[in-house]
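Novice: Dropping the structure in here first, questions after.
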Amino acid sequence: AFLRNIMSPVKESVIRLMTRLAQQHGAVNLSQGFPNEPPPAKIRLALAHAVLSGNVASDDEESRLSHATEKELADSVLGLLAKCDANGDSATDVLNQYSPPMGRPDSRHAVSEYYRRLYGYDVSVDNLTLTLGATEAVAVALRTVGSPGQKVVIFEPFHELYPSQCGIFYLQPEYVTLRASVTDGTWNYDKEELERAILDSDTKAMILNSPHNPTGKVFNHDELKQIVDLCIQNDVYIITDEIYEHMTYPDENNNPREHILIPRAFPEAAERTLVCNSLGKSGSATGWRLGWCLHPPHLSDLYRGVHDQMVAMAPHPMQYASLAYFTLPSEYFTKELHVRYESRIRMLAATLKQVGFEVVIPQGSYYLFAAYRGVSQLKDLAPMDASMYMIREVGVAVVPGDNFYGKSSDGDNYLRFAACRSLSDITTAIEKLKTKLGASENC
């Protein structure tokens, strides 16, 4: 009975519900945060090779895929197709079968090299595991460090999976609320509220998502230092969700804003930090379900044991194809991604402000968490009712803000827009917003 009382409700995703409603009503889907543009060609061709061949093409696929041109990879795939037509199926197959539970050795090496190249951070292949997306990476981290009845600190608004996963493992969420400062263009937390939550003797872990979904907050060095110090003082683990790591945008003075990798910036916290990530967002491959976790050495065996029993492994063909992702040019991660999404965010934000929404421009990720009470057509509606109005009458699908809160009622005033869709979709959504919620009605 005690565990049932503390268990957070486990329910179907509201975000994915809004996607189904968008399809049902023919609305532009700005609800669920997945791109609708393809992954880079090289990683798609690598996946095609894995599925068609079932075998590696060399003794060093990491190097081969890094140096091969798209044409060379495409020609190789065409050759495999011709061979299948001529000779039937290959006699042997490796890449469509089970891999080691922790992931292919060469793919784990590619992850390690990725962190060395982009962050100057060395991580052993023995202390990282390939997972079924970042979703499983976080779930396994919670099960690895937490025991039933213990507390997990979560900033709200939050991604809905965090409290649900806590519920699955009989962990108790403890919320710390981020609040918007429109004049400063920031989202901030109360330091005393954070201290109370972390210093609670029942607290065992904290989930930290930066860049943050849905607010776009990028936690700065001083904030992370405070979090790290509090967690060390109270023997609390830090579980990071870093899937938007490459989507950070310049500040008001056009100075670059960088994502901070905690175990590199704060080596004293490395032994209590589990870094969870995925290629889904940065690689536009959310359906591949290929993620990873960097875990401290003393947790490696337990983490891998939980992972093995939960899912056995990440999809093997995707593991192989990730070799092409991790060896993409550094410029793809450091220069291309943030430019792609920043322009769409600013276009959509300008229109939302024009029709009456209150918007804090995000520092990172690709969402707009917008207050809607200034929009005359929506101002008297509850969040789900406002979302349904947006779908049915405006033709733009969003997510109700209260879905992202567990303690505060602040979510009653917000809707979340995902600006990761194609430029065509963003442009269509903008036209619908202007037409149906025209600025003249909200002046």
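Identifiers in this document derive from the order of the structure tokens: chains are assigned A, B, ..., residues are numbered from 1 separately in each chain, and ligands are numbered from 1 in order of occurrence.
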Per residue of stretch 200-304 of chain A within 12 Å of stretch 340-345 of chain A, what are the shortest atom pair and its distance in Å to one decimal, counting only C-alpha atoms, with rows by chain and residue number, as CSV?
Specialist:
residue,atom,partner,partner_atom,distance
A:Gly216,CA,A:Ile345,CA,10.6
A:Tyr244,CA,A:Tyr341,CA,11.1
A:His246,CA,A:Tyr341,CA,10.4
A:Met247,CA,A:Tyr341,CA,7.5
A:Thr248,CA,A:Glu342,CA,8.5
A:Tyr249,CA,A:Glu342,CA,6.8
A:Pro250,CA,A:Glu342,CA,9.3
A:Asp251,CA,A:Glu342,CA,11.8
A:Lys281,CA,A:Tyr341,CA,11.4
A:Ser282,CA,A:Tyr341,CA,10.7
Novice: Residues of stretch 45-107 of chain A that have any atom at most 10 Å from an atom of stretch 320-337 of chain A: could you tabulate them with the shortest-distance atom pair and the distance in Å to one decimal, using only C-alpha atoms, ordered by chain and increasing number, as a Markdown table?
Specialist:
| residue | atom | partner | partner_atom | distance |
| --- | --- | --- | --- | --- |
| A:Leu45 | CA | A:Ala321 | CA | 8.0 |
| A:Ala46 | CA | A:Ala321 | CA | 4.8 |
| A:Leu47 | CA | A:Ala321 | CA | 4.8 |
| A:Ala48 | CA | A:Ala321 | CA | 8.4 |
| A:His49 | CA | A:Ala321 | CA | 8.4 |
| A:Ala50 | CA | A:Tyr320 | CA | 6.8 |
| A:Val51 | CA | A:Tyr320 | CA | 9.8 |
| A:Asn55 | CA | A:Tyr320 | CA | 9.8 |
| A:Val56 | CA | A:Tyr320 | CA | 8.6 |
| A:Glu61 | CA | A:Leu323 | CA | 7.4 |
| A:Glu62 | CA | A:Leu323 | CA | 5.5 |
| A:Ser63 | CA | A:Thr327 | CA | 8.3 |
| A:Arg64 | CA | A:Ala324 | CA | 9.0 |
| A:Leu65 | CA | A:Ala324 | CA | 5.5 |
| A:Ser66 | CA | A:Thr327 | CA | 5.3 |
| A:His67 | CA | A:Thr327 | CA | 8.8 |
| A:Ala68 | CA | A:Ala324 | CA | 9.5 |
| A:Leu95 | CA | A:Tyr320 | CA | 7.4 |
| A:Asn96 | CA | A:Tyr320 | CA | 9.9 |
| A:Gly103 | CA | A:Tyr320 | CA | 9.6 |
| A:Arg104 | CA | A:Tyr320 | CA | 7.7 |
| A:Asp106 | CA | A:Leu323 | CA | 7.7 |
| A:Ser107 | CA | A:Leu323 | CA | 5.8 |
Novice: Leaving out stretch 223-233 of chain A and any residue of its chain fewer than 3 positions from it, which residues lie within 7 Å of it when counting only C-alpha atoms, given as a tab-separated table (two decimals) with C-alpha atoms, in the first residue's frame?
Specialist:
chain	number	residue	atom	x	y	z
A	198	ILE	CA	18.15	17.72	-2.97
A	219	PHE	CA	21.64	25.65	-17.63
A	220	ASN	CA	24.73	27.84	-17.20
A	236	VAL	CA	22.69	12.25	-4.95
A	237	TYR	CA	23.21	10.91	-8.49
A	269	ALA	CA	30.91	14.80	-10.15
Novice: Among stretch 115-317 of chain A, which residues carry a DSSP assignment of alpha helix (DSSP H), reported as an MDAnalysis selection string?
Specialist: chainID A and resid 115:119 133:145 161:168 191:199 221:233 262:265 300:311 316:317
Novice: Would you mind telling me which residue in A:Pro35, A:Pro383, A:Gly133, A:Pro40 lies nearest to A:Ser278 when using only C-alpha atoms?
Specialist: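 Using only C-alpha atoms, the shortest distance to A:Ser278 belongs to A:Gly133.
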Novice: Can you pull out every residue within 8 Å of stretch 188-197 of chain A, counting only C-alpha atoms, but drop anything in the same chain fewer than 6 positions away, and send it as a list of chain:residue names?
Specialist: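 So the residues in contact are A:Val153, A:Glu174, A:Tyr175, A:Val176, A:Thr177, A:Leu178, A:Arg179, A:Ala180, A:Ser181, A:Thr203, A:Leu230.
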Novice: Can you check which residues of stretch 90-334 of chain A DSSP gives as strand (DSSP E or B) on the backbone and send them as a short mmCIF file (atom, residue, chain, number, x, y, z; two decimals) with N, CA, C and O atoms, in the first residue's frame?
Specialist:
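Here's the written file selection-v8.cif:
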data_model
loop_
_atom_site.label_atom_id
_atom_site.label_comp_id
_atom_site.auth_asym_id
_atom_site.auth_seq_id
_atom_site.Cartn_x
_atom_site.Cartn_y
_atom_site.Cartn_z
N LEU A 128 30.33 2.72 -21.14
CA LEU A 128 29.20 3.24 -21.92
C LEU A 128 28.45 2.07 -22.52
O LEU A 128 29.02 1.03 -22.85
N THR A 129 27.15 2.27 -22.65
CA THR A 129 26.25 1.23 -23.15
C THR A 129 25.32 1.82 -24.19
O THR A 129 24.78 2.92 -24.00
N LEU A 130 25.15 1.10 -25.30
CA LEU A 130 24.17 1.51 -26.31
C LEU A 130 22.79 1.04 -25.87
O LEU A 130 22.62 -0.10 -25.43
N THR A 131 21.81 1.92 -25.99
CA THR A 131 20.48 1.67 -25.42
C THR A 131 19.39 1.84 -26.47
O THR A 131 19.64 2.31 -27.59
N LYS A 151 13.36 9.31 -3.57
CA LYS A 151 12.89 10.47 -4.33
C LYS A 151 13.85 10.81 -5.46
O LYS A 151 15.07 10.61 -5.36
N VAL A 152 13.27 11.37 -6.53
CA VAL A 152 14.03 11.85 -7.69
C VAL A 152 13.63 13.30 -7.95
O VAL A 152 12.44 13.59 -8.17
N VAL A 153 14.59 14.20 -7.93
CA VAL A 153 14.31 15.62 -8.16
C VAL A 153 14.19 15.86 -9.66
O VAL A 153 15.04 15.42 -10.45
N ILE A 154 13.12 16.57 -10.04
CA ILE A 154 12.84 16.85 -11.45
C ILE A 154 12.43 18.31 -11.57
O ILE A 154 11.55 18.78 -10.85
N PHE A 155 13.06 19.05 -12.48
CA PHE A 155 12.60 20.40 -12.77
C PHE A 155 11.30 20.33 -13.57
O PHE A 155 11.19 19.55 -14.52
N GLU A 156 10.32 21.12 -13.15
CA GLU A 156 9.10 21.27 -13.95
C GLU A 156 9.04 22.68 -14.52
O GLU A 156 9.51 23.62 -13.87
N GLN A 172 9.65 8.30 -6.18
CA GLN A 172 8.76 9.44 -5.93
C GLN A 172 9.36 10.72 -6.52
O GLN A 172 10.41 11.18 -6.08
N PRO A 173 8.69 11.33 -7.51
CA PRO A 173 9.19 12.59 -8.06
C PRO A 173 9.10 13.71 -7.03
O PRO A 173 8.13 13.80 -6.26
N GLU A 174 10.11 14.56 -7.01
CA GLU A 174 10.13 15.76 -6.17
C GLU A 174 10.39 16.94 -7.11
O GLU A 174 11.47 17.05 -7.70
N TYR A 175 9.39 17.81 -7.26
CA TYR A 175 9.46 18.82 -8.32
C TYR A 175 10.03 20.15 -7.82
O TYR A 175 9.73 20.60 -6.72
N VAL A 176 10.84 20.75 -8.68
CA VAL A 176 11.35 22.11 -8.49
C VAL A 176 10.91 22.91 -9.72
O VAL A 176 11.18 22.50 -10.85
N THR A 177 10.24 24.03 -9.50
CA THR A 177 9.56 24.73 -10.59
C THR A 177 10.44 25.80 -11.22
O THR A 177 11.02 26.65 -10.54
N LEU A 178 10.54 25.74 -12.56
CA LEU A 178 11.13 26.81 -13.35
C LEU A 178 10.04 27.82 -13.68
O LEU A 178 8.92 27.43 -14.05
N ARG A 179 10.36 29.11 -13.55
CA ARG A 179 9.37 30.15 -13.86
C ARG A 179 9.97 31.16 -14.84
O ARG A 179 11.16 31.49 -14.76
N ALA A 180 9.12 31.64 -15.74
CA ALA A 180 9.58 32.52 -16.81
C ALA A 180 9.74 33.96 -16.33
O ALA A 180 8.92 34.46 -15.56
N SER A 181 10.79 34.60 -16.80
CA SER A 181 10.96 36.03 -16.65
C SER A 181 10.99 36.61 -18.06
O SER A 181 12.01 36.53 -18.76
N THR A 186 14.43 34.67 -19.61
CA THR A 186 15.01 33.48 -19.00
C THR A 186 13.95 32.68 -18.25
O THR A 186 12.87 33.19 -17.93
N TRP A 187 14.29 31.44 -17.94
CA TRP A 187 13.54 30.60 -17.03
C TRP A 187 14.43 30.31 -15.83
O TRP A 187 15.59 29.89 -16.00
N ASN A 188 13.92 30.52 -14.63
CA ASN A 188 14.75 30.43 -13.45
C ASN A 188 14.07 29.60 -12.36
O ASN A 188 12.85 29.45 -12.33
N TYR A 189 14.89 29.05 -11.46
CA TYR A 189 14.38 28.28 -10.33
C TYR A 189 14.73 28.99 -9.03
O TYR A 189 15.65 29.82 -8.97
N THR A 203 16.12 11.68 -0.98
CA THR A 203 16.46 11.94 -2.38
C THR A 203 17.68 11.13 -2.79
O THR A 203 18.72 11.16 -2.14
N LYS A 204 17.55 10.41 -3.90
CA LYS A 204 18.65 9.57 -4.38
C LYS A 204 19.19 10.03 -5.73
O LYS A 204 20.35 9.75 -6.07
N ALA A 205 18.38 10.72 -6.53
CA ALA A 205 18.82 11.09 -7.87
C ALA A 205 18.13 12.37 -8.30
O ALA A 205 17.11 12.78 -7.74
N MET A 206 18.72 12.98 -9.33
CA MET A 206 18.13 14.16 -9.96
C MET A 206 18.22 13.97 -11.47
O MET A 206 19.25 13.53 -11.99
N ILE A 207 17.13 14.27 -12.16
CA ILE A 207 17.14 14.25 -13.63
C ILE A 207 17.34 15.68 -14.11
O ILE A 207 16.60 16.58 -13.74
N LEU A 208 18.34 15.87 -14.96
CA LEU A 208 18.67 17.20 -15.47
C LEU A 208 18.65 17.17 -16.99
O LEU A 208 19.46 16.49 -17.61
N ASN A 209 17.73 17.89 -17.57
CA ASN A 209 17.56 17.97 -19.02
C ASN A 209 18.02 19.36 -19.49
O ASN A 209 17.36 20.36 -19.21
N TYR A 237 22.75 11.12 -7.11
CA TYR A 237 23.21 10.91 -8.49
C TYR A 237 22.55 11.92 -9.43
O TYR A 237 21.41 12.34 -9.21
N ILE A 238 23.27 12.28 -10.48
CA ILE A 238 22.76 13.18 -11.52
C ILE A 238 22.56 12.37 -12.79
O ILE A 238 23.51 11.77 -13.32
N ILE A 239 21.34 12.32 -13.28
CA ILE A 239 21.01 11.64 -14.54
C ILE A 239 20.71 12.73 -15.56
O ILE A 239 19.72 13.46 -15.42
N THR A 240 21.56 12.88 -16.57
CA THR A 240 21.35 13.94 -17.55
C THR A 240 20.68 13.39 -18.80
O THR A 240 20.92 12.26 -19.21
N ASP A 241 19.83 14.21 -19.38
CA ASP A 241 19.19 13.91 -20.67
C ASP A 241 19.66 14.99 -21.63
O ASP A 241 19.26 16.14 -21.54
N THR A 248 21.86 24.79 -29.32
CA THR A 248 22.00 25.94 -28.43
C THR A 248 22.20 27.18 -29.29
O THR A 248 22.86 27.11 -30.32
N THR A 273 27.51 10.82 -12.03
CA THR A 273 26.76 11.35 -13.17
C THR A 273 26.59 10.28 -14.23
O THR A 273 27.55 9.63 -14.64
N LEU A 274 25.35 10.09 -14.68
CA LEU A 274 25.03 9.18 -15.79
C LEU A 274 24.52 10.04 -16.94
O LEU A 274 23.49 10.72 -16.80
N VAL A 275 25.24 10.05 -18.04
CA VAL A 275 24.93 10.90 -19.19
C VAL A 275 24.13 10.10 -20.19
O VAL A 275 24.63 9.11 -20.76
N CYS A 276 22.89 10.50 -20.43
CA CYS A 276 21.99 9.80 -21.36
C CYS A 276 21.81 10.64 -22.63
O CYS A 276 21.64 11.86 -22.55
N ASN A 277 21.83 9.98 -23.77
CA ASN A 277 21.77 10.71 -25.03
C ASN A 277 21.23 9.80 -26.12
O ASN A 277 20.97 8.62 -25.89
N SER A 278 21.08 10.37 -27.31
CA SER A 278 20.50 9.63 -28.43
C SER A 278 20.86 10.35 -29.72
O SER A 278 21.10 11.56 -29.73
N GLY A 291 20.23 4.98 -28.62
CA GLY A 291 20.76 5.91 -27.65
C GLY A 291 21.96 5.31 -26.94
O GLY A 291 22.46 4.23 -27.30
N TRP A 292 22.41 6.00 -25.89
CA TRP A 292 23.55 5.49 -25.12
C TRP A 292 23.57 6.14 -23.75
O TRP A 292 22.91 7.15 -23.51
N CYS A 293 24.34 5.54 -22.87
CA CYS A 293 24.56 6.11 -21.54
C CYS A 293 26.03 5.97 -21.18
O CYS A 293 26.62 4.90 -21.36
N LEU A 294 26.61 7.07 -20.69
CA LEU A 294 27.93 7.04 -20.08
C LEU A 294 27.71 6.87 -18.58
O LEU A 294 27.05 7.70 -17.95
#
Novice: Name all residues at most 12 Å from stretch 297-306 of chain A (count only C-alpha atoms; drop same-chain ones fewer than 5 positions away) and give them as a PyMOL selection string.
Specialist: chain A and resi 100-103+123-131+136-146+237+270-274+292+311-314
Novice: Once you have the residues from the selection above, write them out as a CSV table (one decimal), in the first residue's frame, restricted to C-alpha atoms.
Specialist:
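As written to disk, part.csv reads:
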chain,number,residue,atom,x,y,z
A,100,PRO,CA,26.4,-8.0,-27.5
A,101,PRO,CA,23.9,-6.5,-25.0
A,102,MET,CA,26.1,-3.5,-24.3
A,103,GLY,CA,26.5,-2.8,-28.0
A,123,VAL,CA,35.3,7.8,-21.7
A,124,SER,CA,36.2,4.1,-21.8
A,125,VAL,CA,34.1,1.8,-24.0
A,126,ASP,CA,33.7,-0.3,-20.8
A,127,ASN,CA,31.8,2.6,-19.2
A,128,LEU,CA,29.2,3.2,-21.9
A,129,THR,CA,26.2,1.2,-23.1
A,130,LEU,CA,24.2,1.5,-26.3
A,131,THR,CA,20.5,1.7,-25.4
A,136,GLU,CA,15.6,3.5,-22.1
A,137,ALA,CA,18.9,5.1,-21.1
A,138,VAL,CA,17.1,7.2,-18.5
A,139,ALA,CA,14.9,4.3,-17.3
A,140,VAL,CA,17.8,2.0,-16.8
A,141,ALA,CA,19.7,4.9,-15.0
A,142,LEU,CA,16.7,5.3,-12.6
A,143,ARG,CA,16.5,1.6,-11.9
A,144,THR,CA,20.3,1.4,-11.4
A,145,VAL,CA,20.6,4.1,-8.8
A,146,GLY,CA,17.2,4.2,-7.2
A,237,TYR,CA,23.2,10.9,-8.5
A,270,ALA,CA,31.9,12.2,-12.7
A,271,GLU,CA,31.5,9.3,-10.2
A,272,ARG,CA,27.8,10.2,-9.7
A,273,THR,CA,26.8,11.3,-13.2
A,274,LEU,CA,25.0,9.2,-15.8
A,292,TRP,CA,23.5,5.5,-25.1
A,311,VAL,CA,15.6,-4.9,-23.8
A,312,ALA,CA,18.5,-7.3,-24.5
A,313,MET,CA,20.1,-4.7,-26.9
A,314,ALA,CA,19.6,-1.7,-29.1
Novice: Enumerate, in order of chain and increasing residue number, the residues of stretch 23-86 of chain A with an atom no farther than 10 Å from stretch 421-441 of chain A, each with its shortest atom pair and distance in Å to one decimal, counting only C-alpha atoms, as a Markdown table.
Specialist:
| residue | atom | partner | partner_atom | distance |
| --- | --- | --- | --- | --- |
| A:Ala27 | CA | A:Ala429 | CA | 8.8 |
| A:Val28 | CA | A:Ala429 | CA | 6.2 |
| A:Asn29 | CA | A:Arg421 | CA | 8.0 |
| A:Leu30 | CA | A:Arg421 | CA | 7.1 |
| A:Ser31 | CA | A:Arg421 | CA | 9.9 |
| A:Gln32 | CA | A:Arg421 | CA | 9.5 |
| A:Gly33 | CA | A:Arg421 | CA | 8.2 |
| A:Phe34 | CA | A:Arg421 | CA | 7.2 |
| A:Pro35 | CA | A:Arg421 | CA | 5.0 |
| A:Asn36 | CA | A:Arg421 | CA | 5.6 |
| A:Glu37 | CA | A:Ser422 | CA | 6.3 |
Novice: Okay, now the selection with all heavy atoms, as a PDB file, in the first residue's frame?
Specialist:
ATOM      1  N   ALA A  27      -4.355  18.524 -39.100  1.00  0.00           N
ATOM      2  CA  ALA A  27      -3.674  19.728 -38.620  1.00  0.00           C
ATOM      3  C   ALA A  27      -2.165  19.607 -38.841  1.00  0.00           C
ATOM      4  O   ALA A  27      -1.615  18.498 -38.904  1.00  0.00           O
ATOM      5  CB  ALA A  27      -3.961  19.939 -37.133  1.00  0.00           C
ATOM      6  N   VAL A  28      -1.498  20.745 -38.940  1.00  0.00           N
ATOM      7  CA  VAL A  28      -0.040  20.759 -38.979  1.00  0.00           C
ATOM      8  C   VAL A  28       0.455  20.320 -37.605  1.00  0.00           C
ATOM      9  O   VAL A  28       0.064  20.892 -36.583  1.00  0.00           O
ATOM     10  CB  VAL A  28       0.492  22.164 -39.309  1.00  0.00           C
ATOM     11  CG1 VAL A  28       2.026  22.167 -39.327  1.00  0.00           C
ATOM     12  CG2 VAL A  28      -0.054  22.652 -40.653  1.00  0.00           C
ATOM     13  N   ASN A  29       1.302  19.317 -37.577  1.00  0.00           N
ATOM     14  CA  ASN A  29       1.704  18.727 -36.301  1.00  0.00           C
ATOM     15  C   ASN A  29       2.911  19.455 -35.717  1.00  0.00           C
ATOM     16  O   ASN A  29       4.060  19.164 -36.048  1.00  0.00           O
ATOM     17  CB  ASN A  29       2.032  17.241 -36.488  1.00  0.00           C
ATOM     18  CG  ASN A  29       2.315  16.550 -35.166  1.00  0.00           C
ATOM     19  OD1 ASN A  29       2.132  17.131 -34.095  1.00  0.00           O
ATOM     20  ND2 ASN A  29       2.760  15.316 -35.233  1.00  0.00           N
ATOM     21  N   LEU A  30       2.636  20.408 -34.806  1.00  0.00           N
ATOM     22  CA  LEU A  30       3.693  21.045 -34.029  1.00  0.00           C
ATOM     23  C   LEU A  30       3.616  20.575 -32.572  1.00  0.00           C
ATOM     24  O   LEU A  30       4.052  21.270 -31.660  1.00  0.00           O
ATOM     25  CB  LEU A  30       3.578  22.576 -34.091  1.00  0.00           C
ATOM     26  CG  LEU A  30       3.636  23.224 -35.474  1.00  0.00           C
ATOM     27  CD1 LEU A  30       3.723  24.743 -35.343  1.00  0.00           C
ATOM     28  CD2 LEU A  30       4.794  22.689 -36.304  1.00  0.00           C
ATOM     29  N   SER A  31       3.054  19.377 -32.378  1.00  0.00           N
ATOM     30  CA  SER A  31       2.907  18.853 -31.017  1.00  0.00           C
ATOM     31  C   SER A  31       4.093  17.986 -30.632  1.00  0.00           C
ATOM     32  O   SER A  31       4.833  18.319 -29.704  1.00  0.00           O
ATOM     33  CB  SER A  31       1.593  18.077 -30.884  1.00  0.00           C
ATOM     34  OG  SER A  31       1.530  17.014 -31.825  1.00  0.00           O
ATOM     35  N   GLN A  32       4.305  16.891 -31.336  1.00  0.00           N
ATOM     36  CA  GLN A  32       5.364  15.960 -30.952  1.00  0.00           C
ATOM     37  C   GLN A  32       6.705  16.420 -31.517  1.00  0.00           C
ATOM     38  O   GLN A  32       6.802  16.814 -32.680  1.00  0.00           O
ATOM     39  CB  GLN A  32       5.030  14.554 -31.451  1.00  0.00           C
ATOM     40  CG  GLN A  32       5.899  13.467 -30.848  1.00  0.00           C
ATOM     41  CD  GLN A  32       5.378  12.079 -31.152  1.00  0.00           C
ATOM     42  OE1 GLN A  32       4.282  11.917 -31.685  1.00  0.00           O
ATOM     43  NE2 GLN A  32       6.144  11.067 -30.816  1.00  0.00           N
ATOM     44  N   GLY A  33       7.737  16.330 -30.687  1.00  0.00           N
ATOM     45  CA  GLY A  33       9.029  16.896 -31.053  1.00  0.00           C
ATOM     46  C   GLY A  33       9.897  15.981 -31.888  1.00  0.00           C
ATOM     47  O   GLY A  33      10.986  15.596 -31.463  1.00  0.00           O
ATOM     48  N   PHE A  34       9.416  15.612 -33.069  1.00  0.00           N
ATOM     49  CA  PHE A  34      10.287  14.846 -33.957  1.00  0.00           C
ATOM     50  C   PHE A  34      10.334  15.507 -35.334  1.00  0.00           C
ATOM     51  O   PHE A  34       9.334  15.998 -35.837  1.00  0.00           O
ATOM     52  CB  PHE A  34       9.844  13.382 -34.069  1.00  0.00           C
ATOM     53  CG  PHE A  34       8.503  13.163 -34.731  1.00  0.00           C
ATOM     54  CD1 PHE A  34       8.422  12.891 -36.085  1.00  0.00           C
ATOM     55  CD2 PHE A  34       7.325  13.200 -33.996  1.00  0.00           C
ATOM     56  CE1 PHE A  34       7.191  12.667 -36.699  1.00  0.00           C
ATOM     57  CE2 PHE A  34       6.097  12.991 -34.594  1.00  0.00           C
ATOM     58  CZ  PHE A  34       6.024  12.726 -35.962  1.00  0.00           C
ATOM     59  N   PRO A  35      11.526  15.545 -35.953  1.00  0.00           N
ATOM     60  CA  PRO A  35      11.647  16.147 -37.280  1.00  0.00           C
ATOM     61  C   PRO A  35      10.905  15.306 -38.312  1.00  0.00           C
ATOM     62  O   PRO A  35      10.679  14.111 -38.123  1.00  0.00           O
ATOM     63  CB  PRO A  35      13.160  16.130 -37.547  1.00  0.00           C
ATOM     64  CG  PRO A  35      13.801  15.856 -36.227  1.00  0.00           C
ATOM     65  CD  PRO A  35      12.809  15.052 -35.437  1.00  0.00           C
ATOM     66  N   ASN A  36      10.520  15.935 -39.410  1.00  0.00           N
ATOM     67  CA  ASN A  36       9.955  15.171 -40.529  1.00  0.00           C
ATOM     68  C   ASN A  36      10.825  15.331 -41.776  1.00  0.00           C
ATOM     69  O   ASN A  36      10.352  15.217 -42.902  1.00  0.00           O
ATOM     70  CB  ASN A  36       8.501  15.573 -40.807  1.00  0.00           C
ATOM     71  CG  ASN A  36       8.349  17.040 -41.138  1.00  0.00           C
ATOM     72  OD1 ASN A  36       9.243  17.850 -40.892  1.00  0.00           O
ATOM     73  ND2 ASN A  36       7.201  17.418 -41.689  1.00  0.00           N
ATOM     74  N   GLU A  37      12.097  15.585 -41.556  1.00  0.00           N
ATOM     75  CA  GLU A  37      13.088  15.606 -42.625  1.00  0.00           C
ATOM     76  C   GLU A  37      14.048  14.440 -42.408  1.00  0.00           C
ATOM     77  O   GLU A  37      14.243  14.002 -41.272  1.00  0.00           O
ATOM     78  CB  GLU A  37      13.841  16.938 -42.615  1.00  0.00           C
ATOM     79  CG  GLU A  37      12.924  18.113 -42.909  1.00  0.00           C
ATOM     80  CD  GLU A  37      13.577  19.457 -42.624  1.00  0.00           C
ATOM     81  OE1 GLU A  37      14.052  19.652 -41.495  1.00  0.00           O
ATOM     82  OE2 GLU A  37      13.586  20.306 -43.532  1.00  0.00           O
TER      83      GLU A  37
END
Novice: One number please: atom CA of A:Val396 to atom CA of A:Ala418, in Å, one decimal.
Specialist: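 Distance between the two atoms: 10.7 Å.
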Novice: Could you jot down the atom CA of A:Cys84 to atom CA of A:Ser99 separation for me, Å, one decimal place?
Specialist: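 Pair atom CA of A:Cys84 / atom CA of A:Ser99 returns 23.6 Å.
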